[in-house]
$ cat start.txt   # compact mmCIF, C-alpha atoms
# COMPACT_ATOMS: atom_id res chain seq x y z
CA MET A 1 62.67 -10.75 11.92
CA ARG A 2 62.40 -9.31 8.44
CA ILE A 3 61.97 -5.54 8.97
CA ALA A 4 61.11 -2.82 6.44
CA VAL A 5 62.32 0.65 7.45
CA LEU A 6 59.76 3.19 6.22
CA ALA A 7 60.65 6.86 5.90
CA ASN A 8 60.33 9.83 3.56
CA LEU A 9 63.63 11.16 2.27
CA LYS A 10 63.91 14.90 1.93
CA LYS A 11 65.74 14.50 -1.39
CA ASN A 12 62.70 12.72 -2.87
CA ALA A 13 60.07 15.24 -1.71
CA PRO A 14 58.04 17.24 -4.24
CA THR A 15 58.88 20.88 -4.88
CA TRP A 16 56.97 23.84 -6.32
CA ASP A 17 57.34 27.57 -6.85
CA GLY A 18 56.70 29.60 -3.72
CA MET A 19 56.93 26.75 -1.22
CA ALA A 20 58.32 27.57 2.23
CA ALA A 21 62.08 27.15 2.52
CA ASP A 22 61.61 24.81 5.49
CA GLN A 23 58.73 22.85 3.92
CA TRP A 24 60.45 19.45 4.21
CA ASP A 25 62.77 19.99 7.14
CA ASP A 26 61.11 17.25 9.17
CA LEU A 27 61.81 14.60 6.52
CA ASP A 28 64.78 12.27 6.82
CA SER A 29 68.17 11.83 5.20
CA PRO A 30 69.84 8.61 3.98
CA LYS A 31 72.19 8.97 6.95
CA THR A 32 69.26 8.26 9.28
CA THR A 33 67.67 5.41 7.32
CA ASP A 34 71.07 3.79 6.66
CA ALA A 35 71.85 3.96 10.39
CA ILE A 36 68.53 2.36 11.35
CA VAL A 37 68.97 -0.44 8.80
CA ALA A 38 72.52 -1.08 10.04
CA ALA A 39 71.39 -1.10 13.68
CA LEU A 40 68.67 -3.65 12.95
CA ARG A 41 71.05 -5.83 10.95
CA SER A 42 73.53 -5.74 13.84
CA ALA A 43 70.92 -7.58 15.91
CA GLY A 44 70.51 -10.28 13.28
CA HIS A 45 67.41 -8.92 11.55
CA GLU A 46 66.99 -8.76 7.79
CA ALA A 47 66.29 -5.07 7.18
CA GLU A 48 65.68 -2.96 4.08
CA PHE A 49 64.71 0.69 3.51
CA VAL A 50 61.49 1.44 1.62
CA GLU A 51 60.47 4.95 0.59
CA ALA A 52 57.12 5.50 2.32
CA SER A 53 54.87 6.55 -0.53
CA ILE A 54 52.17 4.77 -2.51
CA LEU A 55 52.53 7.27 -5.36
CA PRO A 56 54.71 6.61 -8.44
CA PRO A 57 57.54 5.92 -8.76
CA TRP A 58 57.87 4.41 -5.28
CA SER A 59 55.19 1.65 -5.27
CA MET A 60 55.61 1.04 -1.55
CA ILE A 61 52.79 -1.50 -1.43
CA ASP A 62 54.35 -3.64 -4.15
CA ARG A 63 57.73 -3.56 -2.42
CA LEU A 64 56.24 -4.51 0.93
CA GLN A 65 54.26 -7.37 -0.57
CA ALA A 66 57.42 -8.64 -2.25
CA PHE A 67 59.58 -8.24 0.88
CA GLN A 68 56.90 -9.65 3.23
CA PRO A 69 58.18 -7.99 6.42
CA ASP A 70 57.36 -9.32 9.85
CA LEU A 71 57.49 -5.74 11.13
CA CYS A 72 57.74 -2.23 9.69
CA PHE A 73 60.00 0.28 11.46
CA ASN A 74 57.99 3.42 10.81
CA ILE A 75 59.38 6.96 10.88
CA ALA A 76 57.39 8.19 7.85
CA GLU A 77 56.19 11.80 7.97
CA SER A 78 54.41 11.83 4.56
CA HIS A 79 53.92 15.00 2.53
CA PHE A 80 50.39 16.40 2.46
CA GLY A 81 47.22 16.45 4.53
CA ASP A 82 46.10 17.37 8.03
CA GLY A 83 46.91 13.89 9.34
CA ARG A 84 49.90 13.15 7.13
CA GLU A 85 51.92 11.32 9.82
CA ALA A 86 49.02 8.85 10.19
CA GLN A 87 48.76 8.04 6.48
CA ILE A 88 51.41 5.31 6.21
CA PRO A 89 50.29 3.56 9.42
CA ALA A 90 46.73 3.56 8.02
CA VAL A 91 47.97 1.84 4.86
CA LEU A 92 49.94 -0.66 6.94
CA GLU A 93 46.84 -1.50 8.94
CA MET A 94 44.93 -2.07 5.71
CA LEU A 95 47.72 -4.45 4.65
CA ARG A 96 47.71 -6.08 8.12
CA LEU A 97 51.37 -5.27 8.62
CA PRO A 98 52.49 -4.46 12.20
CA TYR A 99 54.66 -1.40 12.74
CA THR A 100 56.67 0.37 15.42
CA GLY A 101 55.43 3.35 17.35
CA SER A 102 52.07 4.94 17.88
CA LYS A 103 48.95 4.14 15.91
CA VAL A 104 46.82 6.11 13.48
CA LEU A 105 44.68 8.14 15.88
CA THR A 106 47.61 9.15 18.10
CA LEU A 107 49.74 10.26 15.14
CA ALA A 108 46.92 12.33 13.65
CA LEU A 109 46.20 13.90 17.05
CA ALA A 110 49.80 14.72 17.98
CA LEU A 111 50.50 16.39 14.63
CA ASP A 112 47.59 18.77 15.29
CA LYS A 113 48.98 20.88 18.14
CA PRO A 114 45.69 22.64 19.03
CA MET A 115 43.79 19.35 19.22
CA THR A 116 46.53 17.88 21.42
CA LYS A 117 46.33 20.91 23.72
CA ARG A 118 42.54 20.46 24.02
CA VAL A 119 43.11 16.86 25.15
CA LEU A 120 45.73 18.01 27.66
CA MET A 121 43.39 20.66 29.04
CA TYR A 122 40.58 18.13 29.37
CA HIS A 123 42.85 16.03 31.58
CA GLY A 124 44.00 19.02 33.62
CA LEU A 125 47.57 18.88 32.31
CA PRO A 126 49.42 22.23 32.17
CA THR A 127 49.76 23.76 28.71
CA PRO A 128 49.79 27.46 27.74
CA GLU A 129 46.43 29.08 26.89
CA PHE A 130 45.97 29.46 23.15
CA GLN A 131 43.88 30.47 20.17
CA VAL A 132 43.82 29.08 16.62
CA PHE A 133 43.61 31.60 13.77
CA GLU A 134 42.33 30.72 10.30
CA SER A 135 42.56 34.35 9.23
CA PRO A 136 44.63 37.22 10.64
CA ASP A 137 41.64 39.41 11.47
CA GLU A 138 39.72 36.99 13.73
CA PRO A 139 38.53 38.40 17.08
CA ILE A 140 40.75 37.59 20.06
CA ASP A 141 39.41 34.86 22.40
CA ILE A 142 38.45 36.09 25.83
CA ASP A 143 40.64 33.37 27.40
CA LEU A 144 43.70 35.24 26.15
CA VAL A 145 42.64 38.54 27.68
CA THR A 146 43.43 39.70 31.21
CA ALA A 147 40.86 41.16 33.58
CA ARG A 148 42.03 44.58 32.41
CA GLY A 149 41.17 43.71 28.80
CA GLU A 150 44.79 43.33 27.72
CA LEU A 151 46.25 40.40 25.79
CA ARG A 152 48.54 38.07 27.74
CA PHE A 153 51.67 39.06 25.85
CA PRO A 154 54.15 37.89 24.85
CA MET A 155 52.44 35.45 22.49
CA PHE A 156 54.04 32.73 20.39
CA VAL A 157 52.92 32.08 16.80
CA LYS A 158 53.53 28.84 14.85
CA PRO A 159 51.85 26.54 12.32
CA SER A 160 49.34 24.10 13.82
CA ARG A 161 50.48 20.97 12.02
CA GLU A 162 54.22 20.96 11.45
CA GLY A 163 57.32 19.53 13.11
CA THR A 164 61.01 20.40 13.46
CA SER A 165 59.99 23.88 14.69
CA MET A 166 58.91 24.80 11.17
CA GLY A 167 57.85 28.44 11.09
CA VAL A 168 59.57 29.14 14.41
CA SER A 169 62.01 32.06 14.47
CA ALA A 170 62.64 35.14 16.59
CA GLU A 171 59.69 36.75 14.76
CA SER A 172 57.37 34.11 16.27
CA ILE A 173 57.37 35.98 19.59
CA VAL A 174 54.91 38.87 19.30
CA ARG A 175 54.21 41.60 21.85
CA THR A 176 51.47 43.65 20.21
CA VAL A 177 48.19 42.90 18.43
CA ALA A 178 49.62 44.33 15.21
CA GLU A 179 52.65 42.01 15.40
CA LEU A 180 50.39 39.04 16.14
CA ARG A 181 48.15 39.66 13.14
CA ALA A 182 51.10 40.31 10.82
CA GLN A 183 52.81 37.07 11.87
CA VAL A 184 49.57 35.06 11.53
CA ASP A 185 49.06 36.50 8.05
CA LYS A 186 52.61 35.62 7.03
CA GLN A 187 52.41 32.04 8.29
CA ILE A 188 48.98 31.35 6.78
CA LYS A 189 50.35 32.37 3.38
CA LEU A 190 53.49 30.24 3.81
CA TYR A 191 51.98 27.06 5.27
CA ASN A 192 48.33 27.19 4.16
CA GLN A 193 46.95 25.93 7.48
CA PRO A 194 45.50 27.28 10.74
CA ILE A 195 48.03 29.07 12.94
CA LEU A 196 48.45 28.43 16.66
CA CYS A 197 49.01 31.38 18.99
CA GLU A 198 49.80 30.55 22.61
CA HIS A 199 51.11 32.41 25.61
CA PHE A 200 54.91 32.37 25.42
CA ILE A 201 56.47 30.77 28.47
CA GLU A 202 59.81 32.43 29.16
CA GLY A 203 62.34 30.10 30.74
CA ARG A 204 64.25 26.86 30.27
CA GLU A 205 63.27 24.37 27.55
CA VAL A 206 63.54 20.70 28.54
CA THR A 207 62.64 17.57 26.61
CA ILE A 208 61.87 14.16 28.09
CA GLY A 209 62.40 11.05 25.97
CA MET A 210 60.56 7.83 26.80
CA ILE A 211 60.90 4.22 25.70
CA GLY A 212 58.37 1.55 26.64
CA ASN A 213 54.67 0.85 26.94
CA LEU A 214 52.16 1.37 29.70
CA SER A 215 50.14 -1.52 31.02
CA PRO A 216 47.10 -2.35 28.83
CA THR A 217 44.94 -1.67 31.88
CA ALA A 218 46.38 1.81 32.56
CA ALA A 219 43.67 4.43 33.00
CA ARG A 220 43.32 6.75 30.00
CA ARG A 221 41.68 9.47 32.06
CA ILE A 222 43.81 11.54 34.39
CA ASN A 223 41.72 13.00 37.20
CA GLU A 224 41.44 13.34 40.95
CA ARG A 225 40.06 9.79 41.28
CA SER A 226 42.79 8.01 39.33
CA GLY A 227 45.49 10.04 41.09
CA GLY A 228 47.54 10.55 37.96
CA CYS A 229 49.24 8.13 35.61
CA SER A 230 51.53 5.27 36.54
CA THR A 231 55.01 5.35 35.01
CA GLU A 232 55.32 1.54 35.17
CA GLY A 233 56.58 0.15 31.88
CA ILE A 234 58.23 3.39 30.79
CA THR A 235 61.99 3.99 30.73
CA PHE A 236 62.87 7.68 30.90
CA LEU A 237 66.03 8.76 29.10
CA ALA A 238 68.29 11.50 30.42
CA PRO A 239 66.44 14.86 30.27
CA LEU A 240 67.84 17.24 27.67
CA GLU A 241 67.89 21.02 28.03
CA VAL A 242 68.59 23.26 25.06
CA ASP A 243 71.39 25.70 25.87
CA LEU A 244 69.50 28.69 24.51
CA GLY A 245 72.11 31.15 25.75
CA ALA A 246 74.75 29.69 23.44
CA TYR A 247 73.07 31.06 20.32
CA ASP A 248 72.92 34.45 18.64
CA GLU A 249 70.87 37.01 20.56
CA SER A 250 68.23 37.15 17.83
CA GLU A 251 67.46 33.47 18.48
CA ALA A 252 68.05 33.42 22.26
CA GLY A 253 65.09 32.09 24.17
CA LEU A 254 63.78 29.88 21.33
CA TYR A 255 64.62 26.44 19.96
CA THR A 256 64.14 27.44 16.34
CA ASN A 257 63.96 25.66 13.01
CA TYR A 258 67.31 27.25 12.11
CA MET A 259 68.92 25.70 15.19
CA LYS A 260 67.40 22.28 14.45
CA THR A 261 68.51 22.22 10.80
CA ASP A 262 71.33 24.59 9.80
CA LEU A 263 73.02 24.36 13.21
CA ALA A 264 72.17 20.71 13.90
CA ASP A 265 75.81 19.60 13.82
CA ASP A 266 76.74 22.35 16.30
CA PHE A 267 73.89 21.79 18.75
CA HIS A 268 74.36 23.25 22.24
CA TYR A 269 72.65 21.40 25.06
CA PHE A 270 72.89 20.04 28.59
CA CYS A 271 72.24 16.33 28.90
CA PRO A 272 71.47 15.25 31.52
CA ALA A 273 69.80 18.60 32.24
CA GLN A 274 70.60 19.99 35.67
CA LEU A 275 67.26 19.51 37.42
CA ASP A 276 66.63 19.05 41.10
CA PRO A 277 65.18 15.59 41.90
CA ALA A 278 61.68 16.92 42.62
CA MET A 279 61.50 18.80 39.29
CA GLN A 280 62.84 15.80 37.35
CA GLU A 281 60.26 13.52 38.94
CA GLN A 282 57.49 16.00 38.16
CA LEU A 283 58.56 16.17 34.51
CA PHE A 284 58.70 12.37 34.29
CA GLU A 285 55.20 12.06 35.73
CA LEU A 286 53.79 14.73 33.39
CA ALA A 287 55.51 13.16 30.37
CA ALA A 288 54.06 9.75 31.27
CA ALA A 289 50.62 11.34 31.66
CA VAL A 290 50.84 12.85 28.16
CA PHE A 291 52.07 9.50 26.80
CA CYS A 292 49.06 7.88 28.49
CA VAL A 293 46.22 10.22 27.48
CA THR A 294 47.37 10.38 23.84
CA ASP A 295 47.82 6.57 23.79
CA CYS A 296 51.43 6.54 22.59
CA LYS A 297 53.29 3.30 21.89
CA ASP A 298 56.95 2.27 22.14
CA VAL A 299 58.64 5.68 22.00
CA ALA A 300 57.87 9.39 22.34
CA ARG A 301 59.33 12.72 23.39
CA VAL A 302 57.57 15.47 25.35
CA ASP A 303 58.78 19.09 25.24
CA PHE A 304 58.39 21.42 28.23
CA ARG A 305 58.98 25.05 29.14
CA LEU A 306 59.75 25.98 32.76
CA ASP A 307 58.15 29.34 33.61
CA GLN A 308 60.91 31.50 35.08
CA TYR A 309 58.31 33.95 36.43
CA ASN A 310 56.24 31.29 38.21
CA ASP A 311 58.68 29.20 40.28
CA ASN A 312 59.72 27.22 37.17
CA LYS A 313 56.26 25.70 36.77
CA PRO A 314 56.43 23.23 33.85
CA TYR A 315 54.18 23.74 30.85
CA ILE A 316 53.71 21.06 28.18
CA LEU A 317 54.39 22.37 24.69
CA GLU A 318 53.79 19.20 22.65
CA ILE A 319 54.36 15.47 22.35
CA ASN A 320 56.25 13.92 19.45
CA PRO A 321 55.37 10.25 18.89
CA LEU A 322 57.71 10.17 15.86
CA PRO A 323 60.90 11.65 17.35
CA GLY A 324 63.91 12.10 15.10
CA LEU A 325 66.41 9.23 15.03
CA ASN A 326 69.42 10.77 13.33
CA PRO A 327 72.34 9.22 15.26
CA GLY A 328 74.36 12.43 15.17
CA TYR A 329 72.05 15.11 16.50
CA SER A 330 68.45 14.03 17.15
CA ASP A 331 67.34 14.84 20.70
CA LEU A 332 66.24 11.29 21.51
CA CYS A 333 69.56 9.83 20.35
CA ILE A 334 71.52 12.34 22.45
CA GLN A 335 69.35 11.43 25.45
CA ALA A 336 69.85 7.71 24.87
CA ASN A 337 73.62 8.16 24.62
CA ALA A 338 73.68 10.18 27.86
CA SER A 339 71.73 7.32 29.49
CA GLY A 340 74.41 4.82 28.47
CA TRP A 341 72.51 3.35 25.52
CA THR A 342 74.16 2.67 22.18
CA TYR A 343 72.31 3.70 19.03
CA GLU A 344 71.89 0.02 18.19
CA GLN A 345 70.30 -0.61 21.59
CA LEU A 346 67.88 2.29 21.10
CA ILE A 347 66.71 1.15 17.67
CA ASN A 348 66.42 -2.51 18.55
CA THR A 349 64.61 -1.79 21.81
CA ILE A 350 61.95 0.14 19.85
CA ALA A 351 61.64 -2.78 17.41
CA ASP A 352 61.50 -5.35 20.23
CA LEU A 353 58.81 -3.40 22.10
CA ALA A 354 56.66 -3.19 18.97
CA ALA A 355 57.17 -6.89 18.23
CA GLU A 356 56.26 -7.92 21.76
CA ARG A 357 53.23 -5.63 21.88
CA GLN A 358 51.87 -7.06 18.62
CA GLN A 359 53.07 -10.65 19.14
CA VAL A 360 55.35 -10.50 16.12
CA GLY A 361 58.29 -12.75 15.47
CA ILE A 362 59.53 -15.74 13.57
CA GLY A 363 56.80 -18.32 13.72
CA ALA A 364 54.52 -16.06 15.82
CA GLN A 365 50.95 -15.18 14.98
CA THR A 366 50.95 -11.57 13.65
CA GLU A 367 48.31 -9.16 14.87
CA SER A 368 47.95 -5.73 13.31

$ encode --input "start.txt" --output "structure tokens"
Amino acid sequence: MRIAVLANLKKNAPTWDGMAADQWDDLDSPKTTDAIVAALRSAGHEAEFVEASILPPWSMIDRLQAFQPDLCFNIAESHFGDGREAQIPAVLEMLRLPYTGSKVLTLALALDKPMTKRVLMYHGLPTPEFQVFESPDEPIDIDLVTARGELRFPMFVKPSREGTSMGVSAESIVRTVAELRAQVDKQIKLYNQPILCEHFIEGREVTIGMIGNLSPTAARRINERSGGCSTEGITFLAPLEVDLGAYDESEAGLYTNYMKTDLADDFHYFCPAQLDPAMQEQLFELAAAVFCVTDCKDVARVDFRLDQYNDNKPYILEINPLPGLNPGYSDLCIQANASGWTYEQLINTIADLAAERQQVGIGAQTES
């Protein structure tokens, strides 16, 4: 196949006075895009990188029309807007170009953490109770208050629509109303978006990576009648647990932006995570259920916290349908390696799944 690799490079991102220091930390580096291109070429594909922007000077549409790809390998995050991760896929659908990974609605949903949590709650999937603040002085929701009228501290404060743990630091854990309002105020000013506050689950942090696709007939509603979600069609990679105890005390207990960026090359983790078989199976089933109800395609990663004060009950933090693919330190790549997969196998499996799902290939009829 002829494959265009679409991504946004951090070095090409816009800058302005007063922007947050971690504003573009979820964008990619040439190391990642070069590795993906090389992996695809190793399987015999003709692959080229294209900066994923329709704004000057990139002219992505012109480049794609000239290259005429059979498939686009999409890891584009885009720059602005509530549904920014869905913007490039929307353009690709307008151009009738098939692409890897989840589609427009899923990408817009998963980027918005509160909306994702509402979907999870509708399906009865465990996620911490939460409130969204658009100003620091909003009244506290009754759902966050105990029968005694006290807030369910500690609370965890983070931007609603960011990745790579942007905005997450030791200060994100708040234990008083004054701390909560101060942190909300700070993050609103930095990120100019609603701020998510959820009950902080103290305990182990585990991530489950998945490759594959559920059957087209799989139920999209998880309830007592359907009996949960089938895992057929999904390959689970080795679970990864962040070794939170290996970091400075000020960061202990959190997988922060600083750990994901500045300390990325010195990442401490356990992979495979040491989980008893029953817990691992429960996490796999929950991850597949999240994959199902958010309608993910080809690849995704689900992050969990295990509540140390409630028999390690797993709580879903979020799903990432555009997981990082840096061969050196991205979670999914570490998980694939621990599962015996080469980087080339990981990348080409994602491409093959997308091609098969959309009936793409040399001489095949393309469907967007």

$ atom_distance --input "start.txt" --atom1 "CA of Pro159 (chain A)" --atom2 "CA of Asp243 (chain A)"
23.8 Å

$ residues_around --input "start.txt" --residues "region 99-107 of chain A" --least-positions-apart "4" --cutoff "9 Å" --atoms "all atoms listed in the file" --output "NGL selection string"
:A and (70-75 or 83-90 or 92-93 or 111-112 or 294-300 or 320-322 or 350-355 or 358 or 368)

$ residues_near_point --input "start.txt" --point "(57.3, 12.9, 6.7)" --cutoff "7 Å" --atoms "all atoms listed in the file" --output "ChimeraX atom specification"
/A:7-8,26-27,76-79,85

$ write_last_selection --input "start.txt" --atoms "C-alpha atoms" --output "PDB file, in the frame of the given file"
ATOM      1  CA  ALA A   7      60.650   6.860   5.900  1.00  0.00           C
ATOM      2  CA  ASN A   8      60.330   9.830   3.560  1.00  0.00           C
ATOM      3  CA  ASP A  26      61.110  17.250   9.170  1.00  0.00           C
ATOM      4  CA  LEU A  27      61.810  14.600   6.520  1.00  0.00           C
ATOM      5  CA  ALA A  76      57.390   8.190   7.850  1.00  0.00           C
ATOM      6  CA  GLU A  77      56.190  11.800   7.970  1.00  0.00           C
ATOM      7  CA  SER A  78      54.410  11.830   4.560  1.00  0.00           C
ATOM      8  CA  HIS A  79      53.920  15.000   2.530  1.00  0.00           C
ATOM      9  CA  GLU A  85      51.920  11.320   9.820  1.00  0.00           C
TER      10      GLU A  85
END

$ axis_aligned_box --input "start.txt" --around "region 307-314 of chain A" --padding-each-side "3 Å" --output "JSON"
{"center_x": 58.6, "center_y": 28.6, "center_z": 36.9, "size_x": 10.7, "size_y": 16.7, "size_z": 12.7}

$ closest_residue --input "start.txt" --among "A:Gln359, A:Asn312, A:Gln335, A:Thr33" --to "Gln282 (chain A)" --atoms "all atoms listed in the file"
A:Asn312

$ closest_residue --input "start.txt" --among "A:Leu244, A:Cys229, A:Ala287, A:Ala182" --to "Ile316 (chain A)" --atoms "only C-alpha atoms"
A:Ala287

$ atom_distance --input "start.txt" --atom1 "CA of Phe200 (chain A)" --atom2 "CA of Met155 (chain A)"
4.9 Å

$ atom_distance --input "start.txt" --atom1 "CA of Ile61 (chain A)" --atom2 "CA of Ile36 (chain A)"
20.6 Å

$ residues_around --input "start.txt" --residues "His268 (chain A)" --least-positions-apart "6" --cutoff "9 Å" --atoms "all atoms listed in the file" --output "count of residues only"
7

$ residues_near_point --input "start.txt" --point "(52.0, 27.2, 29.6)" --cutoff "8 Å" --atoms "all atoms listed in the file" --output "VMD selection string"
chain A and resid 126 to 129 199 to 201 305 307 314 to 317

$ closest_residue --input "start.txt" --among "A:Leu325, A:Ala178, A:Leu40, A:Leu196" --to "Glu134 (chain A)" --atoms "only C-alpha atoms"
A:Leu196

$ closest_residue --input "start.txt" --among "A:Leu109, A:Leu190, A:Ile140, A:Ala4" --to "Asp17 (chain A)" --atoms "only C-alpha atoms"
A:Leu190

$ closest_residue --input "start.txt" --among "A:Pro272, A:Pro69, A:Gly233, A:Pro194" --to "Gly212 (chain A)" --atoms "all atoms listed in the file"
A:Gly233

$ residues_around --input "start.txt" --residues "Arg301 (chain A)" --least-positions-apart "2" --cutoff "6 Å" --atoms "only C-alpha atoms" --output "ChimeraX atom specification"
/A:208-209,319-320

$ decode --input "start.txt" --residues "region 11-23 of chain A" --atoms "N, CA and C atoms" --output "compact mmCIF listing (two decimals), in the first residue's frame"
# COMPACT_ATOMS: atom_id res chain seq x y z
N LYS A 11 7.78 20.64 17.09
CA LYS A 11 8.66 21.73 16.64
C LYS A 11 7.95 22.68 15.68
N ASN A 12 6.85 22.24 15.07
CA ASN A 12 6.12 23.08 14.12
C ASN A 12 4.88 23.74 14.73
N ALA A 13 4.64 23.54 16.02
CA ALA A 13 3.43 24.06 16.65
C ALA A 13 3.53 25.57 16.88
N PRO A 14 2.39 26.25 16.85
CA PRO A 14 2.41 27.70 17.11
C PRO A 14 2.77 28.02 18.55
N THR A 15 3.29 29.19 18.77
CA THR A 15 3.64 29.65 20.12
C THR A 15 3.10 31.06 20.33
N TRP A 16 2.92 31.44 21.60
CA TRP A 16 2.47 32.78 21.93
C TRP A 16 2.87 33.10 23.36
N ASP A 17 2.87 34.38 23.68
CA ASP A 17 3.23 34.82 25.02
C ASP A 17 2.19 34.32 26.02
N GLY A 18 2.66 33.75 27.12
CA GLY A 18 1.78 33.33 28.20
C GLY A 18 1.20 31.93 28.03
N MET A 19 1.58 31.21 26.98
CA MET A 19 1.04 29.86 26.81
C MET A 19 1.63 28.93 27.87
N ALA A 20 0.88 27.89 28.23
CA ALA A 20 1.34 26.93 29.23
C ALA A 20 2.61 26.24 28.75
N ALA A 21 3.52 25.98 29.68
CA ALA A 21 4.79 25.35 29.32
C ALA A 21 4.60 23.98 28.69
N ASP A 22 3.52 23.29 29.07
CA ASP A 22 3.28 21.94 28.54
C ASP A 22 2.23 21.92 27.43
N GLN A 23 1.99 23.08 26.82
CA GLN A 23 0.91 23.24 25.84
C GLN A 23 0.94 22.18 24.74
